[in-house]
Every structure is written in C-alpha cells, then in structure tokens.
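Student: Provided herewith: run.txt, compact mmCIF, C-alpha atoms.
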# COMPACT_ATOMS: atom_id res chain seq x y z
CA MET A 15 162.78 123.29 89.97
CA ASN A 16 163.86 120.93 92.64
CA GLU A 17 161.98 117.96 93.92
CA GLU A 18 160.39 119.78 96.88
CA GLU A 19 159.05 122.52 94.66
CA LEU A 20 157.59 119.88 92.32
CA LYS A 21 155.93 118.12 95.24
CA GLU A 22 154.53 121.44 96.47
CA ALA A 23 153.28 122.31 92.97
CA ALA A 24 151.67 118.83 92.70
CA ARG A 25 149.95 119.32 96.09
CA ASP A 26 148.72 122.77 94.99
CA ALA A 27 147.45 121.29 91.72
CA ARG A 28 145.73 118.43 93.64
CA ARG A 29 144.05 120.96 95.98
CA ALA A 30 142.94 123.06 92.98
CA ILE A 31 141.53 119.94 91.30
CA ASP A 32 139.75 118.91 94.51
CA ARG A 33 138.26 122.43 94.88
CA LYS A 34 137.18 122.40 91.24
CA ARG A 35 135.70 118.87 91.70
CA GLU A 36 133.81 120.07 94.81
CA CYS A 37 132.46 123.11 92.90
CA LEU A 38 131.37 120.83 90.05
CA ARG A 39 129.72 118.43 92.53
CA GLU A 40 127.82 121.36 94.12
CA SER A 41 126.80 122.59 90.66
CA TYR A 42 125.66 119.07 89.74
CA GLU A 43 123.57 118.78 92.93
CA GLU A 44 122.10 122.22 92.29
CA LEU A 45 121.19 121.23 88.72
CA GLU A 46 119.66 117.98 89.98
CA GLY A 47 117.54 120.00 92.42
CA PHE A 48 116.42 122.29 89.57
CA SER A 49 115.61 119.22 87.48
CA ARG A 50 113.48 117.71 90.27
CA THR A 51 111.73 121.06 90.75
CA LEU A 52 110.95 121.28 87.02
CA GLU A 53 109.64 117.71 87.05
CA ASN A 54 107.35 118.58 89.99
CA VAL A 55 106.15 121.73 88.20
CA GLU A 56 105.36 119.65 85.10
CA ASN A 57 103.42 117.15 87.24
CA VAL A 58 101.45 119.95 88.90
CA LEU A 59 100.67 121.48 85.49
CA ALA A 60 99.47 118.12 84.16
CA GLU A 61 97.29 117.59 87.23
CA ASN A 62 95.98 121.14 86.90
CA GLU A 63 95.02 120.46 83.27
CA SER A 64 93.27 117.25 84.31
CA LEU A 65 91.37 119.07 87.05
CA ARG A 66 90.43 121.82 84.61
CA ALA A 67 89.00 119.21 82.22
CA ASP A 68 87.11 117.55 85.10
CA ASN A 69 85.79 120.94 86.17
CA GLU A 70 84.55 121.70 82.64
CA SER A 71 82.86 118.31 82.51
CA LEU A 72 81.21 118.88 85.89
CA GLN A 73 80.10 122.38 84.82
CA ALA A 74 78.46 120.90 81.71
CA GLN A 75 76.81 118.19 83.80
CA LEU A 76 75.55 120.80 86.28
CA GLN A 77 74.10 122.88 83.45
CA GLU A 78 72.37 119.79 82.05
CA GLU A 79 70.96 118.94 85.49
CA LYS A 80 69.67 122.52 85.87
CA GLU A 81 67.94 122.30 82.50
CA LEU A 82 66.39 118.95 83.42
CA ARG A 83 65.18 120.37 86.73
CA MET A 84 63.68 123.41 85.04
CA ARG A 85 61.89 121.17 82.53
CA ALA A 86 60.60 118.94 85.32
CA GLU A 87 59.39 121.93 87.32
CA MET A 88 57.68 123.34 84.25
CA GLN A 89 56.01 119.99 83.55
CA LEU A 90 54.92 119.73 87.17
CA SER A 91 53.51 123.26 87.02
CA GLU A 92 51.66 122.48 83.82
CA MET A 93 50.39 119.22 85.26
CA SER A 94 49.17 121.04 88.37
CA LYS A 95 47.36 123.58 86.22
CA LEU A 96 45.91 120.83 84.06
CA SER A 97 44.84 118.74 87.04
CA ALA A 98 43.20 121.76 88.65
CA GLY A 99 41.33 122.44 85.42
CA VAL A 100 40.29 118.81 85.04
CA ALA A 101 39.18 118.66 88.63
CA LYS A 102 36.95 121.68 88.20
CA LYS A 103 35.32 120.19 85.11
CA ALA A 104 34.80 116.65 86.32
CA SER A 105 32.64 115.53 89.14
CA GLN A 106 34.46 114.33 92.22
CA ASP A 107 33.32 110.74 91.71
CA GLU A 108 34.59 110.66 88.14
CA LEU A 109 37.84 112.22 89.26
CA LEU A 110 38.25 109.66 92.05
CA LYS A 111 37.61 106.88 89.54
CA ALA A 112 40.22 108.32 87.16
CA ILE A 113 42.72 108.70 90.01
CA ARG A 114 42.08 105.12 91.16
CA VAL A 115 42.69 103.77 87.61
CA PHE A 116 45.78 105.94 87.21
CA VAL A 117 47.23 104.88 90.59
CA ASN A 118 46.55 101.19 89.93
CA LYS A 119 48.27 101.36 86.55
CA SER A 120 51.17 103.27 88.10
CA LYS A 121 51.88 100.43 90.55
CA ARG A 122 53.75 98.62 87.76
CA LYS A 123 56.04 101.53 86.97
CA LYS A 124 59.57 102.15 88.24
CA ILE A 125 60.05 103.64 91.70
CA GLU A 126 60.96 107.11 90.35
CA LYS A 127 57.72 107.34 88.37
CA ARG A 128 55.67 105.98 91.28
CA ILE A 129 57.11 108.70 93.53
CA ALA A 130 56.22 111.37 90.95
CA VAL A 131 52.70 109.92 90.56
CA LYS A 132 52.20 109.92 94.33
CA GLU A 133 53.27 113.56 94.61
CA MET A 134 51.13 114.57 91.65
CA VAL A 135 47.98 112.78 92.86
CA LEU A 136 48.33 114.14 96.39
CA GLU A 137 48.91 117.63 95.04
CA MET A 138 45.86 117.33 92.78
CA ALA A 139 43.74 116.13 95.69
CA ASN A 140 44.99 118.98 97.91
CA ALA A 141 44.47 121.57 95.18
CA ASN A 142 40.86 120.48 94.86
CA SER A 143 40.25 120.00 98.59
CA MET A 144 39.35 116.36 97.98
CA THR A 145 39.04 113.78 100.69
CA LEU A 146 40.34 110.49 99.34
CA PRO A 147 38.66 107.22 100.32
CA GLU A 148 40.76 105.31 102.85
CA ASP A 149 41.60 102.39 100.51
CA LEU A 150 42.77 104.80 97.79
CA ALA A 151 44.77 106.85 100.31
CA VAL A 152 46.53 103.67 101.51
CA THR A 153 47.27 102.65 97.91
CA ILE A 154 48.67 106.10 97.11
CA ASP A 155 50.70 106.15 100.31
CA SER A 156 52.32 102.81 99.44
CA LEU A 157 53.20 103.83 95.86
CA ASP A 158 56.74 104.89 96.79
CA ASP A 159 57.46 101.72 98.77
CA GLU A 160 60.18 99.47 97.39
CA GLN A 161 58.70 96.51 95.59
CA PRO A 162 60.48 93.25 94.85
CA GLU A 163 61.54 92.70 91.28
CA ALA A 164 58.83 91.01 89.25
CA LYS A 165 59.68 87.44 88.38
CA VAL A 166 59.75 86.68 84.68
CA VAL A 167 58.85 83.10 83.90
CA ASN A 168 59.30 81.72 80.40
CA VAL A 169 57.49 78.45 79.89
CA ALA A 170 58.04 76.05 77.03
CA GLY A 171 55.60 73.14 77.22
CA ASN A 172 52.60 72.42 79.42
CA TYR A 173 53.22 73.37 83.01
CA ASN A 174 50.74 74.20 85.71
CA ASP A 175 50.85 75.17 89.35
CA ILE A 176 53.60 77.79 88.89
CA HIS A 177 52.98 79.92 91.95
CA ASP A 178 56.31 80.78 93.50
CA ASN A 179 57.02 77.09 94.16
CA SER A 180 60.53 75.80 94.39
CA ASN A 181 59.69 73.06 91.88
CA VAL A 182 57.22 72.71 89.04
CA ASN A 183 54.64 69.95 88.74
CA ARG A 184 53.97 68.76 85.20
CA ALA A 185 50.40 68.13 84.05
Would you give me this structure, written as structure tokens?

Tutor:
Amino acid sequence: MNEEELKEAARDARRAIDRKRECLRESYEELEGFSRTLENVENVLAENESLRADNESLQAQLQEEKELRMRAEMQLSEMSKLSAGVAKKASQDELLKAIRVFVNKSKRKKIEKRIAVKEMVLEMANANSMTLPEDLAVTIDSLDDEQPEAKVVNVAGNYNDIHDNSNVNRA
C-alpha cells in the first residue's frame, strides 16, 4: 500500500471509530434515560406504599370514630329513655332540684362534658314539656361558654388575702 492509501484507510478507520463512539454515546444516553425512569418508578412505588399505609391507618381511625359515635348515640338514647322514665316518676319540683344540682356540679367539668350536659338537660326538659325557671335556664345556657382556666394556688405558710391580687400580704 502506498502512503495515500494508508492515509485514506486511517481516515476511514477514524470515521468508523467516530461513528461507533457516537452510537455508544447515544446508547449511553438512552441507558441513562432508562435509569432515571426506573429511579422515578421506584420513587412512585415507595410513595404509593406510604400512601397505602396512611390510607390503612386512616381507615382504622375512621372505623374507631364510627364505633365511638355509635356508642355515644346509644348512650344518649339510653340516657334519653332513662331521663324520660325518671321524669315521669318524679315530681317536677324534685326533678328541677335534681337538674339544678346536676348543672351546678357540671360547671366544673371540661367544656366537652358541659356541652353534653347542656344538650342532655335541654332534651330531658323538652321531652317532659318542662318550663325551666329563668335562673336555671340562664345557667344551662351558659354551660357551653368558654371559662378561664382555674388558678391553682399552693400555699406553704400562713398567707391571707389571696384573692387574685398581684402580691400577697402576710399575716
């Protein structure tokens, strides 16, 4: 072979190498794209599994809430039946006295219980066609009002005049 043929063969070999390199580069980019796609699929599957676990947890919580609601409704129904029976047996004055004591003791309970007491007492009064005295009606109406937190005062020693003062006078 002469020098020109060798140069031509070298150029042909260079072009073949460049074509092969370009094909390999395209294959590499294609594989990288597949790799990114697989990574995204794995992320979606992991998120799907997490959502499935959350869904199962929420389903269990919903079932628990339904059971609690059914129990509460059953208790309310029983309480309504009981209160109707008690109301029929007791005189209205005795019943008003019992309601007044119950409402006054309920003032110290948490807001949720006070709301339930208010509903129950009003339902009992309505079921028995009772007319509540105005002072009792006002007390019952204010049962579900927000009340400030009770102040707890621990005293060690002899102190007097502790009535929401900013300072304490010693005896």

Student: Residues near Ala130 (chain A), anyone? I mean within 12 Å using all atoms listed in the file, not counting same-chain ones fewer than 2 positions away, as a PyMOL selection string.

Tutor: chain A and resi 86-87+89-90+93+117+120-121+123-128+132-137+154+157-158

Student: Using all atoms listed in the file, which of A:Glu56, A:Glu160, A:Asp32, A:Glu44 sits nearest Arg122 (chain A)?

Tutor: A:Glu160

Student: With all atoms listed in the file as the atoms that count, which of A:Ala30, A:Glu46, A:Met138, A:Glu70 lies nearest to Leu109 (chain A)?

Tutor: A:Met138

Student: Quote the spacing between CA of Thr51 (chain A) and CA of Arg35 (chain A) in Å to one decimal place.

Tutor: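 Calculated distance between CA of Thr51 (chain A) and CA of Arg35 (chain A) is 24.1 Å.
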
Student: Using only C-alpha atoms, which of A:Arg114, A:Arg66, A:Lys119, A:Arg39 sits nearest Val152 (chain A)?

Tutor: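 Selected residue with least distance to Val152 (chain A): A:Arg114.
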
Student: Can you work out the spacing between CA of Ala139 (chain A) and CA of Asp159 (chain A) in Å, to one decimal?

Tutor: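 Those two atoms sit 20.1 Å apart.
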
Student: Listed atoms of region 56-66 of chain A, axis-aligned box, 8 Å per side: centre and edge lengths to one decimal in Å, as lines of an AutoDock Vina configuration file?

Tutor:
center_x = 97.9
center_y = 119.5
center_z = 86.1
size_x = 30.9
size_y = 20.7
size_z = 21.6

Student: Quick one: distance from CA of Ser97 (chain A) to CA of Val115 (chain A) in Å, one decimal?

Tutor: 15.1 Å
